[in-house]
Every structure is written in structure tokens, then in C-alpha cells.
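A short write-up of the structure that comes next.
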Amino acid sequence: MTAPHPALAATDPELAALVGAEERLQAETLRLIPSENYVSQAVLEASGTVLQNKYSEGYPGRRYYEGQQNIDRIETLAVERAKALFGVDHANVQPYSGSPANLAVYLAFARPGDTVMGMALPMGGHLTHGWGVSATGTWFHGVQYGVRQDTGLIDFDQVRELALKERPKVIFCGGTALPRTIDFAAFGEIAREAGAVLVADVAHIAGLIAGGAHPSPVPHVDVVSTTTHKTLRGPRGAMLMSREEHAKALDKAVFPGLQGGPHNQTTAAVAVALHEAAQPSFRHYAHAVVANAKALAEALLARGFDLVSGGTDNHLILMDLTPKEVPGKIAAKALDRAGIVVNYNTVPYDPRKPFDPSGIRIGTPSLTSRGLGTEHMAQVAAWIDRGVAAAGAGDEDALLTVRAEVAELMAAFPAPGLPV
Ligand code: DSN
């Protein structure tokens, strides 16, 4: 293969070789981590521009550095595109990633020691939703809700009871391992009753919302927080969106409250991704992600797998491997050797520890970006089944056989930036 990054290869061959190895890995494997994707060539190009070279503390028209003639227009484009795509009054496109975006929300609406509420991490929430080891659970009093053990669905009785008893300043809904549609209206009612600011963290499902494949939180919540690199298929970054009344508080919290200069190359790539997400082809993509996940869930159920909540409404499937008698971590590592990249994950009420849990989490955003369709999902389920069985049996040859089959299929489905 010729070096695709000639300057990098000439200056730093060691680093260039590692990038090349990652490109081959991404090309040859079946990437099922639900928070990952493949960005377009246009997003890749925007991320690698001279916009890297510019400092722009402040906001368009109100900067602390001169020379912003182009940067102001780029950030304004990103902001206007976010507002149009999600139907919001205000968008801040500067957060470096999801965790700083969420931290900015706390900074805007709470003070250290205040009570905040979110879904517990082992139930499918996120570290920054008030979980103990996160700054959000140590600087604030984090109150946590979960899902019902019998259904795997959010326990709205518990959410309401806790919200009214604890009166949190901020309530987060959304998470990282929720396979079902989030009822933003139900959260909205509870937050209003409790007098809390409601934040929808839609990092996982932002692309589905943009593409009309998941209901929007916008009519029901005060703030929408999202990363830009998951189903939205942009660069690694984040955005905060809100009604006009919260615009000032959020902007002030992001800068100067929490961050310095925005990453302008990322802002540009976010603008490109938002433009792409506004096209009819992206609506098709979002619906195809969900159709693939549903087909994959059906195929896994047919093979006797236990899925939390019994299936999926979105891009994500949470598998409890307890009945297969293979721990999640052992399965995930074996599947990795088989060319199927997943992550081990706790399942609700997991009797095992987070670093060695019972489940694996998979999703369809990446394989859908490469063009795989519902007709391929029986094959994907069969490979997962063979991989998990081989993990249990310690059969390394079986894993290598799956790896070769996976690589053969993936070769027919190229992705931007990857060697063919
Ligand atoms: N790390 C993200 C995920 O994988 O869901 C959440 O921050």
C-alpha cells in the first residue's frame, strides 16, 4: 500500500506506521461499538485544515483575538446549521467533548453541593450524570435512578419519587446503554413538577433524532447536550442547545467558565457533519441504522441470546451473556480476536463488577455507514454466536476463521479514509 500521508511518513515513520495499522484495522473489522462511526471524507478533510492554527477565545463578533474574519463565519455556520437541524433557539458548538459539555451544564445551573439527578452508570447512564467517581458525583450530591428489573425499562415511578423527594437542581435523561426510545415528555412532566432544569443527553441518538428515527427532546427539555461523533457522524466534539432563555448561562459556562479557545478545525468539521445530516440521504441512514439494529436483535434472539429489555428501538443492543456462561469481558476480548469489535458492559442489576461484567454492548451505526443492510444481520449474529461459543470453549482457531470471514465481507464495503 502506498503511504496515504506522505509528509507524516517522511517526518515520523513510526507514527505513520501506527496510523496505517489503525486504518487497516478499521477497514478489516466489523466495528459494533454503538458510540463509534466512520466520518465522511469531507469531515476528515475539514478536521485536518489550517484552522488548527488559530486561537478564537470568545464567540463570533466577541473575540479576545483578532484575525477572526473566517473563523467567525465558520462558527456561525455551525451554529445556524445546528439550530435548523434540531429546531432550537440557541446552539453552542464549542464544547471539546461530551463530558466537558455536561460539566458546563452543571456550571450554568448548579453550585457545588447542590443535588443533581441522573441515571446510574450501571443502569445505562453516563459517568457525568452524577455518578460517584465523576466530578459530577463528588462536587454535587448525585441522586441516581435506574431501570426496572422485570422490564429493563426506565422506572418512571422511581424517577418521580426521587425528583420530588430530593428536589434536584438539574435532572439528566439519556445514557450510554439504553436500547429503547426515551420518553422525553414523561421526564419533562416530572422535571416541571420538581422545579428542575431538565437536560437530555442525546449523544448516542443525536443522528437518529436529526434523521427522524427517534423523537426529539426539544419540546420537552431545557437543554440538549450531545456529542457530535456518534450517530451524528461528525468529528469528536460536542454541542449544547437550548431555548433562548438559557443561552447566556450556557455560553458563559462553556467560555470562560470551563474552556479556553475552541478547536476551530473541529467546529468546521461539525458544520460539515450538520450539513450532511440535513440531507435526505442522512434520513435514510438514520432509519437504516435502526432497521439493522432491529434485524440484528431478532437474529440474536433466535440464537438464544438474552437482550436487556428484549430487543431494541434504536441503534444499540445490550446483551446479557449470563445464560451463555461466558463473562462479558472474555467474550469481548475473544470477539476482538475474531475481528468483531464490541465493548464489555454492565447489565442492569449486574451481580458482576464493572471491570468484569456480564454483558456486551453492540450497535449498528458503523456497519450501516459502510453499507451493510438488514440482509447481512443474520450473518453478523452468526459470527457473534460463533465468537461467544469459541470464547467459552477457548477455541482460538474458530476465532481466526471468523476473523477471515469478517475481513472478506468488509473488503466489499469500503469507508472514507480507509485503504481499499
Ligand atoms: N464513551 C461513550 C460511549 O461509549 O457510550 C459515552 O461517553
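Residue numbers start at 1 in each chain; chains themselves are named A, B, ... in the order of the C-alpha cells; ligands are numbered from 1 in the order shown.
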(message) Need the shell around A:Phe255: protein/DNA/RNA residues with any atom at most 12 Å away, counting only C-alpha atoms. Skip same-chain ones fewer than 3 positions apart. Format as number ranges by chain?
(response) A: 56-59, 62-64, 92-96, 100-101, 103-105, 107-108, 248-252, 258-262
(message) What does the list of residues within 9 Å of ligand 1 look like if you count only C-alpha atoms and all ligand atoms, written as a list in words?
(response) Ile33, Pro34, Ser35, Glu36, Ser97, Gly98, Ser99, Gly125, His126, Leu127, Thr128, Gly175, Thr176, Ala177, Ala203, His204, Thr227, Lys230 and Asn343 of chain A
(request) Return as number ranges by chain the full set of residues in stretch 28-132 of chain A whose backbone-based DSSP assignment is helix (DSSP H, G or I). (result) A: 28, 41-47, 50-53, 69-86, 98-109, 121-123, 127-129
(message) Applying 8 Å and only C-alpha atoms, which residues near A:Gly328 remain after dropping the ones on its own chain fewer than 2 positions away? List them as a list in words.
(response)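 So, after excluding close chain neighbours, the residues are Asp320, Leu321, Val326, Ile330, Ala331, Ala332, Tyr344, Asn345, Asp356, Pro357, Ser358, Gly359 and Ile360 of chain A.
Checking A:Val143, A:Leu121, A:Pro13, A:Val223 one by one against A:Phe109, counting only C-alpha atoms, you find the shortest gap at A:Val223.
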(request) Enter the distance from atom CA of A:Asp201 to atom CA of A:Ala277, in Å, rounded to one decimal. (result) 18.5 Å
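For stretch 136-142 of chain A, the set of protein, DNA and RNA residues having any atom at most 6 Å away, when counting only C-alpha atoms and skipping those fewer than 3 positions along the same chain, is Pro112, Gly113, Asp114, Thr115, Val116, Met117, Thr128, Gly130, Trp131 and Gly132 of chain A.
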(request) Compare A:Val218, A:Ile209, A:Val342, A:Ala253 by their minimum atom-to-atom distance to A:Ala286, counting only C-alpha atoms, and give me the closest one. (result) A:Ile209
(request) One decimal, Å: what's the distance from atom CA of A:Ala273 over to atom CA of A:Phe86, could you say? (result)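 About the pair atom CA of A:Ala273 and atom CA of A:Phe86: they are 13.2 Å apart.
With distances restricted to only C-alpha atoms, A:Ser309 is the closest residue to A:Thr151 from A:Lys333, A:Ser309, A:Gln52, A:Ile74.
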(request) Go through A:Pro235, A:Gly339, A:Pro219, A:Gly212 and flag the residue nearest A:Tyr38, using only C-alpha atoms for the distances. (result) A:Pro235
(request) May I ask for the distance between atom CA of A:Gln68 and atom CA of A:Val270, given in Å to one decimal place? (result) 18.0 Å
